[in-house]
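Participant: Here you go, run.cif (mmCIF, C-alpha atoms and all ligand atoms):
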data_input
#
loop_
_atom_site.label_atom_id
_atom_site.label_comp_id
_atom_site.auth_asym_id
_atom_site.auth_seq_id
_atom_site.Cartn_x
_atom_site.Cartn_y
_atom_site.Cartn_z
CA MET C 1 89.39 77.49 105.42
CA HIS C 2 89.45 81.15 106.49
CA LYS C 3 85.71 80.94 107.29
CA LYS C 4 86.21 77.87 109.50
CA ILE C 5 89.04 79.50 111.45
CA LEU C 6 87.07 82.71 111.89
CA PHE C 7 84.05 80.71 113.06
CA LEU C 8 86.11 78.72 115.57
CA LYS C 9 87.68 81.95 116.87
CA LYS C 10 84.20 83.42 117.42
CA TYR C 11 83.02 80.21 119.08
CA LEU C 12 85.91 80.27 121.56
CA LYS C 13 85.05 83.89 122.41
CA ASP C 14 81.29 83.36 122.81
CA PRO C 15 80.22 79.67 122.68
CA GLN C 16 76.64 80.41 123.77
CA SER C 17 75.87 82.75 120.89
CA ILE C 18 77.76 80.81 118.20
CA GLY C 19 76.59 77.36 119.28
CA SER C 20 78.89 75.10 117.25
CA VAL C 21 82.59 74.86 116.47
CA ILE C 22 82.28 74.90 112.69
CA PRO C 23 79.73 76.32 110.24
CA SER C 24 76.83 74.14 109.07
CA SER C 25 77.54 71.54 106.38
CA LYS C 26 76.36 71.72 102.78
CA PHE C 27 74.03 68.81 103.58
CA LEU C 28 72.28 70.87 106.23
CA GLY C 29 72.19 73.90 103.91
CA LYS C 30 70.56 71.81 101.18
CA ALA C 31 68.05 70.34 103.65
CA ILE C 32 67.02 73.84 104.74
CA PHE C 33 66.60 74.91 101.11
CA LYS C 34 64.48 71.83 100.36
CA SER C 35 62.32 72.47 103.42
CA ILE C 36 61.72 76.09 102.39
CA LYS C 37 60.75 75.07 98.86
CA GLU C 38 57.98 72.86 100.30
CA LEU C 39 56.40 75.93 101.94
CA ASP C 40 54.39 78.89 100.64
CA GLN C 41 56.48 81.55 98.99
CA ALA C 42 57.32 84.49 101.24
CA ASN C 43 59.91 87.18 101.82
CA ILE C 44 62.62 85.47 103.83
CA ILE C 45 64.62 86.69 106.80
CA GLU C 46 67.61 84.62 107.84
CA ILE C 47 68.77 85.38 111.35
CA GLY C 48 72.21 84.32 112.58
CA ALA C 49 73.67 84.01 109.08
CA GLY C 50 77.25 83.68 110.42
CA THR C 51 79.75 82.97 107.62
CA GLY C 52 76.89 82.19 105.20
CA ALA C 53 76.89 78.38 105.34
CA ILE C 54 73.08 78.28 105.04
CA THR C 55 72.88 81.52 103.04
CA LYS C 56 74.92 79.89 100.28
CA HIS C 57 72.07 77.44 99.62
CA ILE C 58 69.17 79.88 99.97
CA SER C 59 70.70 83.00 98.40
CA SER C 60 68.61 82.50 95.24
CA LEU C 61 65.55 83.15 97.42
CA ASN C 62 66.85 86.65 98.27
CA PRO C 63 66.78 86.46 102.08
CA LEU C 64 67.36 89.50 104.24
CA LEU C 65 70.39 88.57 106.36
CA VAL C 66 70.59 89.53 110.02
CA GLU C 67 73.78 88.90 111.95
CA ILE C 68 74.95 90.37 115.25
CA ASP C 69 78.68 89.99 114.61
CA GLN C 70 80.34 92.79 112.61
CA GLU C 71 83.10 90.63 111.13
CA PHE C 72 80.58 88.01 109.94
CA CYS C 73 78.54 90.83 108.39
CA ASP C 74 81.58 92.10 106.47
CA LEU C 75 82.10 88.59 105.11
CA LEU C 76 78.42 88.21 104.16
CA ARG C 77 78.41 91.56 102.34
CA GLN C 78 81.56 90.55 100.47
CA ASN C 79 80.19 87.14 99.43
CA TYR C 80 76.55 88.11 98.88
CA PRO C 81 76.60 91.69 97.58
CA HIS C 82 73.14 91.22 96.04
CA LEU C 83 71.59 90.51 99.46
CA LYS C 84 70.78 93.06 102.16
CA THR C 85 72.75 92.36 105.35
CA VAL C 86 71.79 94.01 108.62
CA ASN C 87 74.29 94.12 111.48
CA SER C 88 71.93 93.95 114.41
CA CYS C 89 70.47 91.77 117.13
CA ALA C 90 67.71 89.67 115.54
CA LEU C 91 65.28 90.76 118.27
CA GLU C 92 65.57 94.41 117.20
CA GLN C 93 65.08 93.50 113.55
CA LEU C 94 62.06 91.27 114.24
CA LYS C 95 60.38 94.12 116.17
CA LYS C 96 60.47 96.21 112.96
CA VAL C 97 58.79 93.63 110.69
CA ASP C 98 55.56 94.90 109.12
CA GLU C 99 55.01 92.50 106.20
CA ARG C 100 54.47 88.77 105.92
CA PHE C 101 57.65 86.75 106.01
CA GLY C 102 59.24 83.34 106.44
CA LEU C 103 61.99 82.95 109.01
CA VAL C 104 65.16 80.89 108.73
CA LEU C 105 66.65 80.63 112.18
CA SER C 106 70.26 79.65 112.86
CA ILE C 107 70.67 81.09 116.36
CA PRO C 108 71.21 78.36 118.96
CA LEU C 109 68.36 78.31 121.47
CA ILE C 110 69.61 75.67 123.89
CA ASN C 111 70.80 77.38 127.11
CA ASN C 112 70.69 80.74 125.35
CA PRO C 113 69.06 83.69 127.18
CA PHE C 114 68.12 85.01 123.71
CA LYS C 115 65.30 82.44 123.72
CA LEU C 116 63.47 84.20 126.58
CA SER C 117 62.87 87.33 124.50
CA PHE C 118 62.65 85.53 121.16
CA ILE C 119 59.66 83.29 122.01
CA PRO C 120 57.22 86.14 122.86
CA ILE C 121 58.23 88.12 119.74
CA ILE C 122 57.75 85.08 117.49
CA SER C 123 54.41 84.27 119.15
CA THR C 124 53.18 87.82 118.56
CA LEU C 125 54.34 87.90 114.93
CA TYR C 126 52.68 84.53 114.25
CA GLY C 127 49.47 85.64 116.00
CA GLN C 128 49.40 88.80 113.86
CA GLY C 129 49.71 86.69 110.71
CA LEU C 130 53.03 88.30 109.82
CA LEU C 131 55.14 85.21 110.43
CA LYS C 132 54.06 82.63 107.84
CA TRP C 133 56.52 79.90 108.66
CA CYS C 134 59.80 79.19 110.37
CA VAL C 135 62.52 76.73 109.37
CA MET C 136 65.29 76.05 111.85
CA TYR C 137 67.79 73.44 112.87
CA THR C 138 68.69 72.16 116.29
CA TYR C 139 71.27 69.82 117.75
CA GLY C 140 68.91 68.78 120.54
CA LEU C 141 66.22 66.10 120.64
CA ASN C 142 63.30 68.28 121.74
CA ASP C 143 61.02 70.62 119.81
CA PRO C 144 62.98 73.90 120.08
CA LEU C 145 59.88 76.12 119.63
CA GLY C 146 57.49 74.06 121.73
CA GLU C 147 56.26 77.18 123.56
CA VAL C 148 54.93 78.80 120.36
CA ASN C 149 51.40 77.93 119.32
CA PHE C 150 52.09 77.01 115.69
CA GLN C 151 49.28 75.18 113.85
CA SER C 152 51.75 72.78 112.35
CA LYS C 153 55.14 71.68 113.61
CA VAL C 154 57.24 68.83 112.32
CA ARG C 155 60.79 67.55 112.59
CA ARG C 156 61.14 67.34 108.82
CA ARG C 157 64.70 66.07 108.37
CA PHE C 158 67.61 64.65 110.29
CA ILE C 159 71.08 65.42 108.92
CA MET C 160 73.83 63.09 110.10
CA LYS C 161 76.45 64.75 107.90
CA ASN C 162 76.81 67.85 110.04
CA ILE C 163 78.88 68.57 113.14
CA PRO C 164 76.99 67.99 115.32
CA PRO C 165 74.17 66.07 113.56
CA ALA C 166 71.08 68.28 113.33
CA SER C 167 67.30 68.07 113.00
CA VAL C 168 65.47 70.45 110.68
CA TRP C 169 62.17 71.65 112.16
CA VAL C 170 59.43 73.28 110.12
CA TYR C 171 56.69 75.41 111.71
CA SER C 172 53.73 77.01 109.97
C1 LIG C 201 75.16 78.44 115.03
S1 LIG C 201 75.80 79.94 114.29
C2 LIG C 201 75.06 79.72 112.67
C3 LIG C 201 75.88 80.30 111.58
C4 LIG C 201 75.46 79.85 110.18
N1 LIG C 201 74.09 80.20 109.89
C5 LIG C 201 75.64 78.35 110.04
O1 LIG C 201 74.61 77.64 110.00
O2 LIG C 201 76.78 77.90 109.99
C6 LIG C 201 74.80 81.20 115.06
C7 LIG C 201 74.97 82.60 114.48
O3 LIG C 201 74.01 83.44 115.10
C8 LIG C 201 74.60 84.69 115.38
N2 LIG C 201 73.81 85.32 116.47
C9 LIG C 201 73.79 84.93 117.77
N3 LIG C 201 72.94 85.70 118.47
C10 LIG C 201 72.40 86.58 117.58
C11 LIG C 201 71.44 87.63 117.69
N4 LIG C 201 70.87 87.92 118.87
N5 LIG C 201 71.10 88.33 116.59
C12 LIG C 201 71.66 88.02 115.37
N6 LIG C 201 72.58 87.05 115.21
C13 LIG C 201 72.95 86.34 116.30
C14 LIG C 201 76.03 84.35 115.75
O4 LIG C 201 76.89 85.47 115.63
C15 LIG C 201 76.33 83.23 114.76
O5 LIG C 201 76.82 83.75 113.56
#
Can you turn what I pasted into structure tokens?
Facilitator:
Amino acid sequence: MHKKILFLKKYLKDPQSIGSVIPSSKFLGKAIFKSIKELDQANIIEIGAGTGAITKHISSLNPLLVEIDQEFCDLLRQNYPHLKTVNSCALEQLKKVDERFGLVLSIPLINNPFKLSFIPIISTLYGQGLLKWCVMYTYGLNDPLGEVNFQSKVRRRFIMKNIPPASVWVYS
């Protein structure tokens, strides 16, 4: 319950960056895990880990967690002491990547200025062969990474049991 209240508090403070009123459901977390398991193995970076609603389901894959909010980072470190958590803007962290990785993206892109800087960085990393794949969810109907020239892109799953319902997109 504490996580839900904290999440709602953060949402009321900054709705654009948080994107939803409650953390993702276990159904969405499981769908993300399943989607990752269908892809090539890679070091994983999860950006926008929040209270760890997705992390909980992928923690066995040892993701590097990146989260901009200090209080969320404290919670992540407490709950996932075996994982490395970086308190930073995802853009800064992505600029430092120098080995192949898979990306789990939880940062809302709809009406978020973050997207403007994120798309060119992702395009460059994919072009360099460093970004192997990306798994993300969206509450919208459209392809959220339509501007990036991925070889393969598919709306892999639709999860009704989430608030709001969400599509899982897989890019590789
Ligand atoms: C929709 S919430 C997702 C939280 C959690 N992964 C879930 O699914 O419930 C988006 C998260 O992204 C974080 N975030 C937003 N902008 C960010 C940025 N530029 N860099 C890193 N994290 C960011 C927010 O603080 C928030 O925790």
Participant: Please return as a PyMOL selection string the residues found within 9 Å of ligand LIG 201 (chain C), counting only C-alpha atoms and all ligand atoms.
Facilitator: chain C and resi 7+10-11+14+16-25+28-29+46-55+66-70+72-73+87-93+105-108+112+114+118+137
Participant: Residues within 10 Å of Ile32 in chain C, please, as a PyMOL selection string. Count all atoms listed in the file; anything in the same chain fewer than 3 positions from it doesn't count.
Facilitator: chain C and resi 26-29+35-37+54-55+57-58+104+135-137+156-157+168-170
Participant: Got a sec: who's within 7 Å of range 138-146 of chain C, counting only C-alpha atoms, leaving out chain neighbours fewer than 4 positions off, as a list in words?
Facilitator: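 What passes the distance filter is Pro164, Pro165, Ala166, Ser167 and Val168 of chain C.
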Participant: Within 12 Å of Asn62 in chain C, counting only C-alpha atoms, which residues show up once you throw out same-chain ones fewer than 2 positions away? Write them as a list in words, please.
Facilitator: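 Skipping anything fewer than 2 positions along the chain leaves Gln41, Ala42, Asn43, Ile44, Ile45, Glu46, Thr55, Lys56, His57, Ile58, Ser59, Ser60, Leu64, Leu65, Tyr80, Pro81, His82, Leu83, Lys84, Thr85 and Gly102 of chain C.
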Participant: Using only C-alpha atoms, find the one residue out of C:Ile159, C:Trp133, C:Lys115, C:Lys95 that sits nearest to Glu38 in chain C.
Facilitator: C:Trp133
Participant: Which neighbours of Leu131 in chain C fall inside 7 Å, counting only C-alpha atoms, when residues of the same chain fewer than 5 positions from it are skipped, and could you give them as a PyMOL selection string?
Facilitator: chain C and resi 100-102+125-126
Participant: For Gly127 in chain C, list every protein, DNA or RNA residue within 10 Å, evaluated using only C-alpha atoms, and leave out those in the same chain fewer than 6 positions away; present the list as a PyMOL selection string.
Facilitator: chain C and resi 121+148-150
Participant: Check the smallest atom-to-atom distance from each of C:Ala31, C:Leu116, C:Val97, C:Leu61 to Gly129 in chain C using all atoms listed in the file, then report the winner.
Facilitator: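 Smallest distance to Gly129 in chain C is found for C:Val97.
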Participant: What is the CA of Cys134 in chain C-CA of Ser172 in chain C distance in Å, reported with one decimal?
Facilitator: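 Straight-line distance from CA of Cys134 in chain C to CA of Ser172 in chain C works out to 6.5 Å.
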Participant: What gap, in Å, lies between CA of Ile122 in chain C and CA of Phe158 in chain C?
Facilitator: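 Distance reported for this atom pair: 23.8 Å.
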Participant: Can you work out which one of C:Asp98, C:Lys153, C:Ile110, C:Ser117 has the shortest atom-to-atom distance to Leu130 in chain C, counting only C-alpha atoms?
Facilitator: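 Among C:Asp98, C:Lys153, C:Ile110, C:Ser117, it is C:Asp98 that comes nearest to Leu130 in chain C.
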Participant: For range 33-44 of chain C, which lacks atoms in the input, supply N, CA and C atoms and format the output as a CSV table (one decimal), in the coordinates of the input.
Facilitator:
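Printed below is part33.csv as written:
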chain,number,residue,atom,x,y,z
C,33,PHE,N,67.1,74.4,102.4
C,33,PHE,CA,66.6,74.9,101.1
C,33,PHE,C,65.4,74.1,100.7
C,34,LYS,N,65.6,72.7,100.8
C,34,LYS,CA,64.5,71.8,100.4
C,34,LYS,C,63.2,72.1,101.2
C,35,SER,N,63.4,72.3,102.5
C,35,SER,CA,62.3,72.5,103.4
C,35,SER,C,61.6,73.8,103.1
C,36,ILE,N,62.3,74.8,102.7
C,36,ILE,CA,61.7,76.1,102.4
C,36,ILE,C,60.9,75.9,101.1
C,37,LYS,N,61.4,75.2,100.1
C,37,LYS,CA,60.8,75.1,98.9
C,37,LYS,C,59.4,74.3,99.0
C,38,GLU,N,59.2,73.6,100.1
C,38,GLU,CA,58.0,72.9,100.3
C,38,GLU,C,56.9,73.8,100.9
C,39,LEU,N,57.3,75.0,101.3
C,39,LEU,CA,56.4,75.9,101.9
C,39,LEU,C,55.9,77.0,101.0
C,40,ASP,N,54.9,77.8,101.5
C,40,ASP,CA,54.4,78.9,100.6
C,40,ASP,C,55.5,79.9,100.4
C,41,GLN,N,55.5,80.5,99.3
C,41,GLN,CA,56.5,81.6,99.0
C,41,GLN,C,56.3,82.7,99.9
C,42,ALA,N,57.4,83.3,100.4
C,42,ALA,CA,57.3,84.5,101.2
C,42,ALA,C,58.7,85.2,101.2
C,43,ASN,N,58.6,86.5,101.6
C,43,ASN,CA,59.9,87.2,101.8
C,43,ASN,C,60.6,86.5,103.0
C,44,ILE,N,61.9,86.3,102.8
C,44,ILE,CA,62.6,85.5,103.8
C,44,ILE,C,63.6,86.3,104.6
